[in-house]
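Colleague: Structure in structure tokens, see below.
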Amino acid sequence: MKTFTLSESAVAAFRCRVKGWPIKVSESDPPAIQELVDAGILEPKGNEFRFTEAGWTQREELLAEAEDRIERDRFEPPDATNLSEAARELLRRRLAGDDRVTPENRDAYRELSAARIMYPVSTWAGGPESVFRFTLAGWERREEWVNEPAVAHRP
């Protein structure tokens, strides 16, 4: 299989194919489909495109790698060098299962968001910044910030 980096459009088309969702190739899809053909994942069969043998065999792994790359590219790497003890304590509570966002802990959540460990989500019921979720890199490195002592804030 060739080395390649798929665009987000190609990954979306690939995801639909892997999940078995019925899709028709529209006029806007050919560049994404062509990327999958160029990568050796799909091949034309008449008016349709089907998985190549290698594309079928490696489909789950290839899709997971492409989705992971796209998710990592969404955010700059976390920088927790100036996390306060309050933010670290909130992170500890969060990892223990307490995911409530309250007026009292919202500033600590915002600090985790500024450090790119988490990101805010607004919900219809809860309003702006009513939920905070981990970034992919934030989740993968969560233990290092919980166990590390806080660095004194610089003026």
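Labeling convention for the structure tokens: chains A, B, ... as they appear, residues from 1 per chain, ligands from 1 in order of appearance.
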When DSSP works through the backbone of this structure, what residues of chain A end up as alpha helix (DSSP H), shown as a VMD selection string?
Modeller: chain A and resid 8 to 19 30 to 38 53 to 57 59 to 74 85 to 95 106 to 114 136 to 140 142 to 147
Colleague: Give me, as a list in words, all polymer residues having an atom no more than 10 Å from Asp99 in chain A, counting only C-alpha atoms and skipping those fewer than 6 positions away in the same chain.
Modeller: Leu90, Leu91, Arg93, Val131, Phe132 and Arg133 of chain A
Colleague: Using only C-alpha atoms, can you tell me which of A:Phe4, A:Phe134, A:Trp56, A:Trp145 comes closest to Glu71 in chain A?
Modeller: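 Using only C-alpha atoms, Glu71 in chain A sits closest to A:Phe134.
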Colleague: Identify which of the residues A:Ala13, A:Ile117, A:Ala32, A:Leu95 lies closest to Ala137 in chain A, counting only C-alpha atoms when measuring atom-to-atom distances.
Modeller: A:Ile117
Colleague: Go through A:Trp124, A:Arg74, A:Glu129, A:Glu89 and flag the residue nearest Arg106 in chain A, using only C-alpha atoms for the distances.
Modeller: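 Nearest candidate to Arg106 in chain A out of A:Trp124, A:Arg74, A:Glu129, A:Glu89: A:Glu129.
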Colleague: Do a neighbour search on range 76-78 of chain A at 9 Å with only C-alpha atoms, toss out local chain neighbours closer than 2 positions, and write the hits as a PyMOL selection string.
Modeller: chain A and resi 72-74+80+114-118+135+137-138+141
